[in-house]
>>> print(open('run23.cif').read())   # mmCIF, C-alpha atoms and all ligand atoms
data_data
loop_
_atom_site.label_atom_id
_atom_site.label_comp_id
_atom_site.auth_asym_id
_atom_site.auth_seq_id
_atom_site.Cartn_x
_atom_site.Cartn_y
_atom_site.Cartn_z
CA MET A 23 -43.15 -17.96 -35.09
CA SER A 24 -43.11 -18.37 -31.33
CA ASN A 25 -39.28 -18.55 -31.12
CA ALA A 26 -38.85 -15.48 -33.30
CA LEU A 27 -37.43 -12.09 -32.39
CA ARG A 28 -37.54 -8.80 -34.24
CA LEU A 29 -34.71 -6.27 -33.78
CA GLN A 30 -35.67 -2.69 -34.69
CA PRO A 31 -32.56 -0.50 -34.81
CA SER A 32 -32.02 2.79 -36.62
CA TRP A 33 -29.34 1.22 -38.84
CA VAL A 34 -28.37 -2.30 -39.92
CA ILE A 35 -24.87 -2.97 -41.32
CA PRO A 36 -24.99 -6.51 -42.81
CA ILE A 37 -21.30 -6.47 -43.98
CA ARG A 38 -22.48 -8.48 -46.99
CA PRO A 39 -23.29 -7.00 -49.48
CA GLU A 40 -20.27 -4.80 -48.77
CA ASN A 41 -20.64 -1.04 -48.17
CA THR A 42 -24.36 -1.39 -47.39
CA ILE A 43 -26.22 0.43 -44.62
CA HIS A 44 -29.95 -0.14 -44.18
CA LEU A 45 -31.93 2.65 -42.55
CA ASP A 46 -35.00 1.62 -40.50
CA PHE A 47 -34.82 -2.09 -41.33
CA ASP A 48 -35.83 -4.98 -39.06
CA LEU A 49 -33.71 -8.07 -38.52
CA ILE A 50 -35.79 -11.20 -37.88
CA ILE A 51 -34.27 -14.10 -35.95
CA CYS A 52 -35.89 -17.52 -35.45
CA ASP A 53 -34.45 -20.65 -33.81
CA GLY A 54 -30.98 -19.11 -33.68
CA VAL A 55 -30.88 -18.25 -37.38
CA ILE A 56 -31.35 -15.02 -39.36
CA VAL A 57 -34.57 -15.50 -41.31
CA ASP A 58 -35.23 -12.02 -42.74
CA LEU A 59 -33.89 -8.50 -43.11
CA LEU A 60 -36.41 -6.06 -44.52
CA PRO A 61 -37.76 -2.48 -44.35
CA ARG A 62 -39.72 -1.72 -41.17
CA GLN A 63 -42.96 -1.08 -43.01
CA ALA A 64 -42.82 -4.47 -44.71
CA ALA A 65 -41.85 -6.08 -41.40
CA ASN A 66 -44.90 -4.54 -39.74
CA ASP A 67 -47.07 -6.32 -42.30
CA ARG A 68 -45.27 -9.66 -42.24
CA TYR A 69 -43.98 -9.98 -38.67
CA GLY A 70 -46.42 -7.79 -36.72
CA ASP A 71 -47.03 -10.54 -34.14
CA VAL A 72 -43.33 -11.25 -33.47
CA SER A 73 -41.90 -9.91 -30.20
CA ALA A 74 -39.76 -6.85 -30.91
CA ILE A 75 -36.85 -5.01 -29.29
CA ASP A 76 -36.86 -1.26 -29.94
CA LEU A 77 -33.25 -0.25 -30.71
CA THR A 78 -33.81 3.34 -31.79
CA GLY A 79 -30.49 5.22 -31.99
CA GLU A 80 -28.57 1.94 -32.26
CA VAL A 81 -26.83 0.08 -35.07
CA VAL A 82 -27.14 -3.68 -35.49
CA LEU A 83 -24.23 -5.59 -37.03
CA PRO A 84 -22.65 -9.07 -36.93
CA GLY A 85 -20.87 -9.98 -33.69
CA LEU A 86 -17.15 -9.23 -33.80
CA ILE A 87 -14.67 -12.09 -34.20
CA ASN A 88 -11.42 -12.08 -32.24
CA CYS A 89 -9.03 -14.36 -34.11
CA HIS A 90 -6.18 -14.53 -31.61
CA GLY A 91 -6.06 -14.66 -27.84
CA HIS A 92 -4.97 -16.46 -24.70
CA ALA A 93 -8.06 -16.10 -22.50
CA ALA A 94 -6.56 -17.47 -19.30
CA MET A 95 -3.93 -14.72 -19.40
CA THR A 96 -6.65 -12.17 -18.66
CA LEU A 97 -5.76 -12.91 -15.02
CA LEU A 98 -2.30 -11.43 -15.81
CA ARG A 99 -3.69 -8.15 -17.17
CA GLY A 100 -1.31 -5.41 -16.03
CA TYR A 101 1.00 -7.91 -14.29
CA ALA A 102 4.12 -7.07 -16.33
CA ASP A 103 4.02 -4.15 -18.76
CA ASP A 104 6.58 -2.29 -20.87
CA HIS A 105 8.96 -5.12 -21.83
CA SER A 106 10.07 -6.62 -25.17
CA LEU A 107 8.40 -9.85 -26.28
CA MET A 108 11.25 -12.17 -25.26
CA ALA A 109 11.97 -10.42 -21.93
CA TRP A 110 8.23 -10.27 -21.20
CA LEU A 111 7.82 -14.01 -21.87
CA GLU A 112 11.04 -15.31 -20.30
CA ASP A 113 11.43 -13.01 -17.29
CA HIS A 114 7.81 -12.41 -16.34
CA ILE A 115 5.06 -14.47 -17.96
CA TRP A 116 6.59 -17.96 -18.15
CA PRO A 117 7.88 -17.87 -14.51
CA VAL A 118 4.46 -16.89 -13.13
CA GLU A 119 2.75 -19.44 -15.37
CA ALA A 120 5.11 -22.14 -14.06
CA LYS A 121 3.91 -21.38 -10.54
CA LEU A 122 0.18 -20.98 -11.15
CA VAL A 123 -1.17 -22.60 -14.28
CA SER A 124 -3.81 -25.20 -13.43
CA PRO A 125 -7.33 -26.01 -14.64
CA SER A 126 -8.84 -23.62 -12.05
CA PHE A 127 -6.53 -20.75 -13.13
CA VAL A 128 -7.41 -21.35 -16.77
CA HIS A 129 -11.14 -21.66 -16.05
CA ALA A 130 -11.28 -18.39 -14.08
CA GLY A 131 -9.22 -16.47 -16.64
CA ALA A 132 -11.23 -17.79 -19.58
CA TRP A 133 -14.48 -16.95 -17.82
CA LEU A 134 -13.26 -13.38 -17.25
CA ALA A 135 -12.16 -13.12 -20.89
CA ALA A 136 -15.45 -14.47 -22.23
CA ALA A 137 -17.46 -12.09 -20.04
CA GLU A 138 -15.38 -9.11 -21.16
CA SER A 139 -15.63 -10.20 -24.80
CA LEU A 140 -19.41 -10.61 -24.77
CA SER A 141 -19.85 -7.24 -23.04
CA ARG A 142 -17.71 -5.62 -25.76
CA GLY A 143 -19.58 -7.13 -28.71
CA THR A 144 -17.34 -10.12 -29.47
CA THR A 145 -19.37 -13.24 -30.23
CA CYS A 146 -16.56 -15.57 -31.32
CA CYS A 147 -12.98 -15.85 -30.15
CA ALA A 148 -9.99 -17.98 -31.09
CA ASP A 149 -7.95 -19.17 -28.15
CA SER A 150 -4.78 -21.15 -27.44
CA TYR A 151 -3.65 -22.05 -23.94
CA PHE A 152 -2.73 -24.93 -21.64
CA PHE A 153 -5.64 -26.99 -20.20
CA PRO A 154 -7.85 -26.22 -23.21
CA GLN A 155 -10.77 -28.17 -21.76
CA ALA A 156 -10.93 -25.71 -18.83
CA THR A 157 -11.06 -22.84 -21.36
CA ALA A 158 -13.75 -24.63 -23.37
CA GLU A 159 -15.84 -25.32 -20.25
CA ALA A 160 -15.68 -21.67 -19.12
CA MET A 161 -16.49 -20.35 -22.59
CA GLY A 162 -19.24 -22.91 -23.06
CA MET A 163 -20.82 -21.78 -19.79
CA THR A 164 -20.97 -18.16 -20.98
CA GLY A 165 -22.37 -19.14 -24.40
CA ILE A 166 -19.67 -17.45 -26.52
CA ARG A 167 -18.58 -19.21 -29.74
CA SER A 168 -14.94 -20.25 -29.89
CA GLN A 169 -12.15 -21.93 -31.77
CA ILE A 170 -9.85 -23.53 -29.20
CA THR A 171 -6.49 -24.74 -30.45
CA THR A 172 -4.19 -26.78 -28.26
CA PRO A 173 -0.68 -25.52 -27.52
CA VAL A 174 2.29 -27.63 -28.58
CA ILE A 175 5.75 -26.62 -27.37
CA GLN A 176 9.03 -28.35 -26.50
CA PHE A 177 9.14 -26.97 -22.97
CA PRO A 178 7.47 -28.86 -20.11
CA ASN A 179 4.60 -27.19 -18.26
CA ALA A 180 1.76 -28.15 -15.94
CA TRP A 181 -0.39 -29.45 -18.82
CA ALA A 182 2.14 -31.53 -20.75
CA SER A 183 5.82 -32.46 -20.69
CA THR A 184 7.16 -33.21 -24.18
CA GLU A 185 6.00 -32.27 -27.67
CA GLU A 186 4.56 -35.75 -28.09
CA ASP A 187 2.73 -35.42 -24.76
CA HIS A 188 1.17 -32.10 -25.87
CA ILE A 189 -0.05 -33.83 -29.03
CA ALA A 190 -1.42 -36.80 -27.06
CA GLN A 191 -3.25 -34.44 -24.67
CA SER A 192 -4.59 -32.55 -27.70
CA LEU A 193 -6.16 -35.71 -29.09
CA VAL A 194 -7.88 -36.41 -25.75
CA PHE A 195 -9.26 -32.84 -25.82
CA PHE A 196 -10.47 -33.16 -29.43
CA ASP A 197 -12.46 -36.29 -28.49
CA TRP A 198 -14.12 -34.47 -25.59
CA ALA A 199 -14.77 -31.33 -27.68
CA ALA A 200 -16.52 -33.18 -30.50
CA THR A 201 -19.85 -33.07 -28.65
CA GLN A 202 -19.63 -29.44 -27.47
CA PRO A 203 -21.79 -26.76 -29.12
CA ARG A 204 -20.36 -23.55 -30.63
CA LEU A 205 -16.83 -24.97 -30.47
CA THR A 206 -14.26 -25.85 -33.13
CA VAL A 207 -10.74 -27.10 -32.41
CA GLY A 208 -7.25 -27.41 -33.88
CA PHE A 209 -3.54 -27.40 -33.08
CA ALA A 210 -1.52 -24.37 -31.95
CA PRO A 211 2.20 -25.09 -32.28
CA HIS A 212 3.64 -22.20 -30.27
CA ALA A 213 6.22 -20.88 -32.72
CA ALA A 214 8.72 -22.15 -35.29
CA TYR A 215 11.67 -21.86 -32.88
CA SER A 216 9.95 -23.75 -30.05
CA LEU A 217 9.09 -26.99 -31.90
CA SER A 218 11.25 -29.62 -33.58
CA ASP A 219 10.84 -30.76 -37.18
CA GLN A 220 9.40 -33.98 -35.81
CA GLY A 221 6.76 -32.07 -33.83
CA PHE A 222 5.64 -30.14 -36.90
CA LYS A 223 5.56 -33.31 -39.02
CA ARG A 224 3.30 -35.09 -36.52
CA ILE A 225 0.96 -32.07 -36.27
CA ARG A 226 0.84 -31.82 -40.08
CA GLN A 227 -0.09 -35.48 -40.40
CA LEU A 228 -2.87 -35.28 -37.77
CA ALA A 229 -4.20 -31.92 -39.00
CA LEU A 230 -4.50 -33.20 -42.57
CA ALA A 231 -6.05 -36.50 -41.50
CA ASN A 232 -8.68 -34.76 -39.36
CA ASP A 233 -9.12 -31.51 -41.37
CA LEU A 234 -8.02 -29.37 -38.40
CA PRO A 235 -6.59 -25.83 -38.53
CA VAL A 236 -3.03 -25.12 -37.36
CA HIS A 237 -2.79 -21.80 -35.51
CA LEU A 238 0.82 -20.54 -35.37
CA HIS A 239 2.63 -17.45 -34.06
CA LEU A 240 4.84 -16.70 -37.08
CA HIS A 241 7.35 -13.90 -37.71
CA GLU A 242 6.08 -12.11 -34.59
CA SER A 243 9.21 -10.07 -33.91
CA ASN A 244 12.78 -9.59 -35.11
CA ASP A 245 13.98 -11.44 -31.99
CA GLU A 246 12.07 -14.49 -33.21
CA MET A 247 13.80 -14.26 -36.60
CA ILE A 248 17.24 -14.10 -34.93
CA ARG A 249 16.50 -16.94 -32.54
CA HIS A 250 15.16 -19.16 -35.33
CA ALA A 251 18.14 -18.37 -37.59
CA ALA A 252 20.54 -19.36 -34.80
CA LEU A 253 18.78 -22.72 -34.41
CA TYR A 254 17.85 -23.56 -38.00
CA GLN A 255 19.90 -21.14 -40.21
CA CYS A 256 16.81 -19.91 -42.06
CA ARG A 257 13.67 -17.80 -41.74
CA PRO A 258 10.68 -19.50 -40.04
CA ILE A 259 8.55 -19.32 -43.19
CA ASP A 260 11.26 -21.12 -45.17
CA ARG A 261 11.34 -23.92 -42.63
CA MET A 262 7.53 -24.14 -42.56
CA ARG A 263 7.64 -24.41 -46.38
CA ARG A 264 10.23 -27.19 -46.20
CA LEU A 265 8.06 -29.04 -43.66
CA GLU A 266 5.02 -28.51 -45.95
CA MET A 267 3.02 -26.88 -43.15
CA PHE A 268 1.30 -24.68 -45.73
CA ASP A 269 -0.55 -27.81 -46.95
CA THR A 270 -2.61 -27.63 -43.74
CA ARG A 271 -5.29 -25.07 -42.89
CA LEU A 272 -2.53 -22.83 -41.52
CA GLN A 273 -3.69 -19.75 -39.57
CA THR A 274 -0.72 -17.42 -39.19
CA VAL A 275 -0.53 -14.95 -36.31
CA HIS A 276 1.29 -11.57 -36.22
CA MET A 277 3.55 -11.62 -39.32
CA THR A 278 5.37 -8.36 -38.59
CA GLN A 279 8.52 -9.41 -40.50
CA LEU A 280 7.65 -10.15 -44.14
CA LEU A 281 9.55 -10.01 -47.43
CA ASP A 282 7.72 -9.38 -50.69
CA GLU A 283 8.24 -12.97 -51.84
CA GLU A 284 6.82 -14.24 -48.53
CA ILE A 285 3.66 -12.19 -49.11
CA SER A 286 3.42 -13.73 -52.60
CA TRP A 287 3.76 -17.16 -51.02
CA LEU A 288 0.90 -16.43 -48.57
CA LYS A 289 -1.23 -15.38 -51.53
CA LEU A 290 -0.30 -18.46 -53.56
CA THR A 291 -1.11 -20.82 -50.68
CA LYS A 292 -4.24 -18.87 -49.60
CA THR A 293 -2.83 -18.59 -46.08
CA PRO A 294 -4.64 -16.03 -43.88
CA VAL A 295 -3.00 -13.69 -41.37
CA VAL A 296 -4.38 -12.37 -38.09
CA HIS A 297 -3.17 -8.88 -37.24
CA CYS A 298 -2.83 -7.99 -33.53
CA PRO A 299 -1.81 -4.32 -33.71
CA GLU A 300 -2.08 -3.36 -30.04
CA SER A 301 -0.07 -6.35 -28.80
CA ASN A 302 2.55 -5.80 -31.53
CA MET A 303 2.80 -2.11 -30.61
CA LYS A 304 2.94 -2.73 -26.86
CA LEU A 305 5.72 -5.32 -27.16
CA ALA A 306 7.39 -3.26 -29.92
CA SER A 307 7.34 -6.41 -32.06
CA GLY A 308 6.87 -4.61 -35.38
CA ILE A 309 4.07 -3.81 -37.82
CA CYS A 310 2.21 -6.35 -39.92
CA PRO A 311 1.93 -4.90 -43.47
CA ILE A 312 -1.81 -5.45 -43.75
CA ASP A 313 -2.30 -2.90 -46.50
CA GLN A 314 0.14 -4.78 -48.70
CA LEU A 315 -1.36 -8.14 -47.70
CA ARG A 316 -4.88 -6.92 -48.52
CA ALA A 317 -3.72 -5.48 -51.85
CA GLU A 318 -2.22 -8.88 -52.75
CA GLY A 319 -5.48 -10.64 -51.87
CA VAL A 320 -4.33 -12.30 -48.63
CA ASP A 321 -7.20 -12.72 -46.12
CA VAL A 322 -6.58 -10.66 -42.99
CA ALA A 323 -8.40 -10.85 -39.65
CA LEU A 324 -8.10 -9.01 -36.35
CA GLY A 325 -7.07 -10.20 -32.90
CA THR A 326 -6.38 -8.70 -29.50
CA ASP A 327 -3.84 -11.33 -28.37
CA GLY A 328 -3.95 -11.99 -24.61
CA ALA A 329 -5.00 -9.25 -22.21
CA ALA A 330 -1.53 -9.40 -20.65
CA SER A 331 -0.10 -7.74 -23.79
CA ASN A 332 -2.92 -5.43 -24.87
CA ASN A 333 -4.41 -4.89 -22.11
CA ASP A 334 -8.09 -5.29 -23.05
CA LEU A 335 -10.19 -7.52 -25.31
CA ASP A 336 -12.09 -4.69 -27.02
CA LEU A 337 -12.17 -5.22 -30.80
CA PHE A 338 -13.64 -1.76 -31.36
CA GLN A 339 -10.43 -0.25 -30.01
CA GLU A 340 -8.44 -2.82 -32.00
CA MET A 341 -10.20 -1.75 -35.24
CA ARG A 342 -9.33 1.87 -34.57
CA THR A 343 -5.71 1.03 -33.76
CA ALA A 344 -5.42 -1.11 -36.91
CA ALA A 345 -6.77 1.70 -39.08
CA LEU A 346 -4.56 4.39 -37.52
CA LEU A 347 -1.44 2.20 -37.55
CA ALA A 348 -1.94 1.31 -41.24
CA LYS A 349 -1.99 5.03 -42.09
CA VAL A 350 1.17 5.80 -40.08
CA ALA A 351 2.96 2.73 -41.45
CA THR A 352 2.24 3.56 -45.09
CA GLY A 353 2.10 7.36 -44.96
CA ALA A 354 -1.27 7.09 -46.72
CA PRO A 355 -4.46 8.20 -44.93
CA GLU A 356 -6.47 6.05 -47.34
CA ALA A 357 -4.85 2.89 -45.94
CA LEU A 358 -7.29 0.56 -44.12
CA SER A 359 -10.55 2.52 -44.29
CA ALA A 360 -13.18 2.23 -41.57
CA GLU A 361 -15.17 -0.14 -43.81
CA GLN A 362 -12.12 -2.33 -44.34
CA ALA A 363 -11.32 -2.41 -40.61
CA LEU A 364 -14.91 -3.45 -39.81
CA TYR A 365 -14.72 -6.15 -42.49
CA MET A 366 -11.55 -7.54 -40.88
CA ALA A 367 -13.31 -7.81 -37.50
CA THR A 368 -16.36 -9.59 -38.97
CA MET A 369 -16.18 -11.43 -42.33
CA GLY A 370 -12.39 -11.38 -42.32
CA GLY A 371 -12.45 -13.21 -38.99
CA ALA A 372 -15.05 -15.72 -40.20
CA GLN A 373 -12.92 -16.48 -43.29
CA TYR A 374 -9.79 -16.83 -41.16
CA LEU A 375 -11.49 -19.43 -38.96
CA GLY A 376 -13.17 -21.22 -41.89
CA LEU A 377 -16.59 -20.31 -40.46
CA ASP A 378 -17.72 -17.83 -43.14
CA HIS A 379 -20.60 -20.10 -44.16
CA LEU A 380 -22.01 -19.68 -40.61
CA ILE A 381 -21.06 -16.25 -39.23
CA GLY A 382 -19.45 -12.90 -40.10
CA SER A 383 -22.39 -11.22 -41.86
CA LEU A 384 -26.13 -10.71 -41.45
CA GLU A 385 -27.37 -12.91 -44.28
CA ILE A 386 -30.50 -15.02 -44.30
CA GLY A 387 -29.68 -18.56 -43.19
CA LYS A 388 -26.60 -17.60 -41.15
CA GLN A 389 -26.34 -18.02 -37.38
CA ALA A 390 -27.78 -15.06 -35.47
CA ASP A 391 -24.50 -13.88 -33.90
CA VAL A 392 -25.58 -10.26 -33.66
CA ILE A 393 -24.76 -7.15 -31.63
CA SER A 394 -26.41 -3.79 -31.14
CA VAL A 395 -24.34 -0.66 -30.51
CA ARG A 396 -25.66 2.64 -29.14
CA LEU A 397 -24.77 5.70 -31.24
CA SER A 398 -27.01 8.13 -29.34
CA ASP A 399 -24.40 9.08 -26.71
CA ILE A 400 -22.89 12.56 -26.73
CA GLN A 401 -19.49 11.21 -27.83
CA THR A 402 -21.00 9.57 -30.92
CA GLN A 403 -23.16 12.50 -32.05
CA PRO A 404 -23.88 13.55 -34.76
CA VAL A 405 -24.01 10.47 -37.01
CA TYR A 406 -23.23 10.94 -40.70
CA HIS A 407 -21.54 7.60 -41.36
CA PRO A 408 -22.32 4.84 -38.83
CA VAL A 409 -19.25 2.82 -39.89
CA SER A 410 -16.96 5.79 -39.18
CA GLN A 411 -18.57 6.03 -35.76
CA LEU A 412 -18.05 2.31 -35.07
CA VAL A 413 -14.35 2.41 -35.93
CA TYR A 414 -13.25 5.88 -34.88
CA ALA A 415 -15.60 6.99 -32.05
CA VAL A 416 -17.17 3.96 -30.36
CA THR A 417 -15.62 1.70 -27.73
CA GLY A 418 -17.01 -1.62 -26.56
CA HIS A 419 -18.78 0.30 -23.79
CA ASN A 420 -21.39 1.32 -26.38
CA VAL A 421 -22.50 -2.30 -26.91
CA THR A 422 -26.01 -2.83 -25.53
CA HIS A 423 -26.98 -6.36 -26.70
CA THR A 424 -24.94 -9.42 -27.64
CA PHE A 425 -26.65 -12.47 -29.17
CA VAL A 426 -25.00 -15.76 -30.11
CA GLU A 427 -27.11 -18.15 -32.17
CA GLY A 428 -30.08 -15.92 -31.39
CA GLU A 429 -29.57 -16.26 -27.63
CA LEU A 430 -29.29 -12.98 -25.71
CA LEU A 431 -26.13 -13.43 -23.61
CA TYR A 432 -25.41 -9.84 -22.59
CA HIS A 433 -27.70 -6.86 -22.17
CA ASN A 434 -26.72 -3.45 -20.77
CA GLY A 435 -24.33 -4.71 -18.07
CA ASP A 436 -26.11 -7.99 -17.30
CA PHE A 437 -25.06 -11.50 -18.31
CA ASN A 438 -27.89 -13.97 -18.78
CA ARG A 439 -26.02 -17.24 -18.22
CA PHE A 440 -24.02 -16.67 -15.03
CA ASP A 441 -23.70 -14.77 -11.77
CA VAL A 442 -21.17 -11.96 -12.29
CA GLY A 443 -20.70 -11.76 -8.50
CA GLU A 444 -19.23 -15.28 -8.49
CA LEU A 445 -16.90 -14.32 -11.36
CA ARG A 446 -15.73 -11.22 -9.47
CA SER A 447 -15.11 -13.28 -6.34
CA GLN A 448 -12.94 -15.82 -8.20
CA VAL A 449 -10.96 -13.05 -9.92
CA SER A 450 -10.25 -11.27 -6.63
CA GLN A 451 -8.98 -14.53 -5.11
CA TRP A 452 -6.59 -14.96 -8.05
CA GLN A 453 -5.54 -11.32 -7.81
CA ALA A 454 -4.48 -11.92 -4.21
CA ARG A 455 -2.45 -15.03 -5.16
CA ILE A 456 -0.82 -13.50 -8.23
CA GLY A 457 -0.25 -10.13 -6.57
CA ALA A 458 1.70 -11.83 -3.80
CA LEU A 459 4.27 -12.91 -6.42
CA ILE A 460 5.09 -9.36 -7.55
ZN ZN B 1 -0.34 -14.99 -28.94
#
>>> encode(input="run23.cif", output="structure tokens", more="lines below")
Ligand SMILES: [Zn+2]
Amino acid sequence: MSNALRLQPSWVIPIRPENTIHLDFDLIICDGVIVDLLPRQAANDRYGDVSAIDLTGEVVLPGLINCHGHAAMTLLRGYADDHSLMAWLEDHIWPVEAKLVSPSFVHAGAWLAAAESLSRGTTCCADSYFFPQATAEAMGMTGIRSQITTPVIQFPNAWASTEEDHIAQSLVFFDWAATQPRLTVGFAPHAAYSLSDQGFKRIRQLALANDLPVHLHLHESNDEMIRHAALYQCRPIDRMRRLEMFDTRLQTVHMTQLLDEEISWLKLTKTPVVHCPESNMKLASGICPIDQLRAEGVDVALGTDGAASNNDLDLFQEMRTAALLAKVATGAPEALSAEQALYMATMGGAQYLGLDHLIGSLEIGKQADVISVRLSDIQTQPVYHPVSQLVYAVTGHNVTHTFVEGELLYHNGDFNRFDVGELRSQVSQWQARIGALI
């Protein structure tokens, strides 16, 4: 097994079977795939000649999956804070985007986002932004896995002018993307209020014909509900039902405004929700009722949203926020346990993206998207329950190794695929240009 690798941590959390922690097990990877997970003693007998990485004091788990983001907006981290969603978009973000968005802006921002994500233990991210090919090229260069959905919106921008133009540009991107590794694609209509019925109908037709997901900001804030009601005299979900958008592989984002019958509808149509607690809290958009959604059997995943409304891409911090917010929102400390939060960030994410046959757990035959996290630091001692540590005490800074498809992409501050000095240089050039606009 010349291409094989043996990881030797203190703990392995495979996520499946659920609530399982293996002590002193080895994870064996070969040709990008998980081929074995077994007690160290047995591994010594069977895989004694395989090159090993000693990870004493560390926990190995599946790479985290970030199901909602706008990678290019990492360049706008800290640009405009402490505003409501609509004021933030209309008075700050959209004006600066109108001046700057270009393939080079998107490439630099996506590169920064991918580097941050890999260094914080995220091995797969879902993204939606203009010039999706620039995002895909930057992410492909770093080696991270991604789902890139193409934005569709009525408003003109540097990438496309009309709804129909966005859809035409999307089809060109899908053709290019078909040959790219570690990449899946789909449509991202921006929001119910910002597309016409005709736009949704065309996306529905193409998504069904090509089995593509449709990634949609839905019921993000009360402002969105008011704006949509003024335009269409109904709630966004009701209009999406009328347009039969739930027939597609619909991936809903945010969902902070939900009635009981809407939750039942999500369950009936097996429509998953991605929860972005830090972005929702920062923009005061509301609280997604994930405890109720989970209890009803709706699949829930976790996302950071863009770094401009978070302001980091650290899913460890997002897990902790999700767990704490669920307890405050329900008044029940049992709401969203550490195990459940970790599930959301791994298998929950894989299910949301329709990739659960490939990633999300450490099972034999799955892709070796794997991370190792150090629990030997002072701030994570002592260790009684590694999962509690991962959700309530660790940050992404504790990540030591990040593998995608068995390839080591990040290791203790170093990236294997690119020169971090070149990334820093590009980011500082953009900082100068963007900073001049403030
Ligand atoms: Zn978003």
>>> residues_around(input="run23.cif", residues="Ala351 in chain A", least_positions_apart="3", cutoff="8 Å", atoms="all atoms listed in the file", output="tab-separated table (two decimals) with C-alpha atoms, keeping the file's coordinate frame")
chain	number	residue	atom	x	y	z
A	309	ILE	CA	4.07	-3.81	-37.82
A	311	PRO	CA	1.93	-4.90	-43.47
A	347	LEU	CA	-1.44	2.20	-37.55
A	348	ALA	CA	-1.94	1.31	-41.24
>>> residues_around(input="run23.cif", residues="range 37-46 of chain A", least_positions_apart="2", cutoff="8 Å", atoms="only C-alpha atoms", output="CSV table (one decimal) with C-alpha atoms, in the coordinates of the input")
chain,number,residue,atom,x,y,z
A,30,GLN,CA,-35.7,-2.7,-34.7
A,31,PRO,CA,-32.6,-0.5,-34.8
A,32,SER,CA,-32.0,2.8,-36.6
A,33,TRP,CA,-29.3,1.2,-38.8
A,34,VAL,CA,-28.4,-2.3,-39.9
A,35,ILE,CA,-24.9,-3.0,-41.3
A,48,ASP,CA,-35.8,-5.0,-39.1
A,61,PRO,CA,-37.8,-2.5,-44.4
A,62,ARG,CA,-39.7,-1.7,-41.2
A,83,LEU,CA,-24.2,-5.6,-37.0
A,84,PRO,CA,-22.6,-9.1,-36.9
A,361,GLU,CA,-15.2,-0.1,-43.8
A,365,TYR,CA,-14.7,-6.2,-42.5
A,368,THR,CA,-16.4,-9.6,-39.0
A,369,MET,CA,-16.2,-11.4,-42.3
A,382,GLY,CA,-19.4,-12.9,-40.1
A,383,SER,CA,-22.4,-11.2,-41.9
A,384,LEU,CA,-26.1,-10.7,-41.4
A,385,GLU,CA,-27.4,-12.9,-44.3
>>> atom_distance(input="run23.cif", atom1="CA of Leu240 in chain A", atom2="CA of Ala200 in chain A")
27.8 Å
>>> residues_around(input="run23.cif", residues="Met262 in chain A", least_positions_apart="5", cutoff="12 Å", atoms="only C-alpha atoms", output="MDAnalysis selection string")
chainID A and resid 211 213:215 217:219 221:223 226 236 238:241 250 254 256:257 267:270 272 274 284 287:288
>>> atom_distance(input="run23.cif", atom1="CA of Leu281 in chain A", atom2="CA of Gln362 in chain A")
23.2 Å
>>> residues_around(input="run23.cif", residues="range 98-115 of chain A", least_positions_apart="2", cutoff="6 Å", atoms="all atoms listed in the file", output="PDB file with C-alpha atoms, keeping the file's coordinate frame")
ATOM      1  CA  MET A  95      -3.930 -14.720 -19.400  1.00  0.00           C
ATOM      2  CA  THR A  96      -6.650 -12.170 -18.660  1.00  0.00           C
ATOM      3  CA  PRO A 117       7.880 -17.870 -14.510  1.00  0.00           C
ATOM      4  CA  VAL A 118       4.460 -16.890 -13.130  1.00  0.00           C
ATOM      5  CA  LEU A 305       5.720  -5.320 -27.160  1.00  0.00           C
ATOM      6  CA  ALA A 329      -5.000  -9.250 -22.210  1.00  0.00           C
ATOM      7  CA  ALA A 330      -1.530  -9.400 -20.650  1.00  0.00           C
ATOM      8  CA  ASN A 333      -4.410  -4.890 -22.110  1.00  0.00           C
TER       9      ASN A 333
END
>>> residues_near_ligand(input="run23.cif", ligand="ligand ZN 1 (chain B)", cutoff="12 Å", atoms="all atoms listed in the file", output="MDAnalysis selection string")
chainID A and resid 88:95 107 111 148:151 171 173 210:213 237:243 274:277 296:302 305 307 325:332
>>> closest_residue(input="run23.cif", among="A:Gln389, A:Asn179, A:Gln451, A:Asn25", to="Ile56 in chain A", atoms="only C-alpha atoms")
A:Gln389
>>> atom_distance(input="run23.cif", atom1="CA of Gln373 in chain A", atom2="CA of Asp336 in chain A")
20.1 Å
>>> residues_around(input="run23.cif", residues="range 312-323 of chain A", least_positions_apart="4", cutoff="8 Å", atoms="all atoms listed in the file", output="list in words")
Cys89, Ile285, Ser286, Leu288, Lys289, Lys292, Thr293, Pro294, Val295, Val296, His297, Ala348, Ala357, Leu358, Met366, Ala367, Gly370, Gly371, Gln373 and Tyr374 of chain A
>>> closest_residue(input="run23.cif", among="A:Asn232, A:Gln279, A:Met247, A:Leu253", to="Asp197 in chain A", atoms="all atoms listed in the file")
A:Asn232
>>> closest_residue(input="run23.cif", among="A:Ala74, A:Leu134, A:Ala64, A:Val57", to="Glu444 in chain A", atoms="only C-alpha atoms")
A:Leu134
>>> closest_residue(input="run23.cif", among="A:His129, A:Thr291, A:Glu186, A:Cys310", to="Thr278 in chain A", atoms="only C-alpha atoms")
A:Cys310
>>> closest_residue(input="run23.cif", among="A:Val409, A:Ala229, A:Val416, A:Ala354", to="Arg396 in chain A", atoms="all atoms listed in the file")
A:Val416
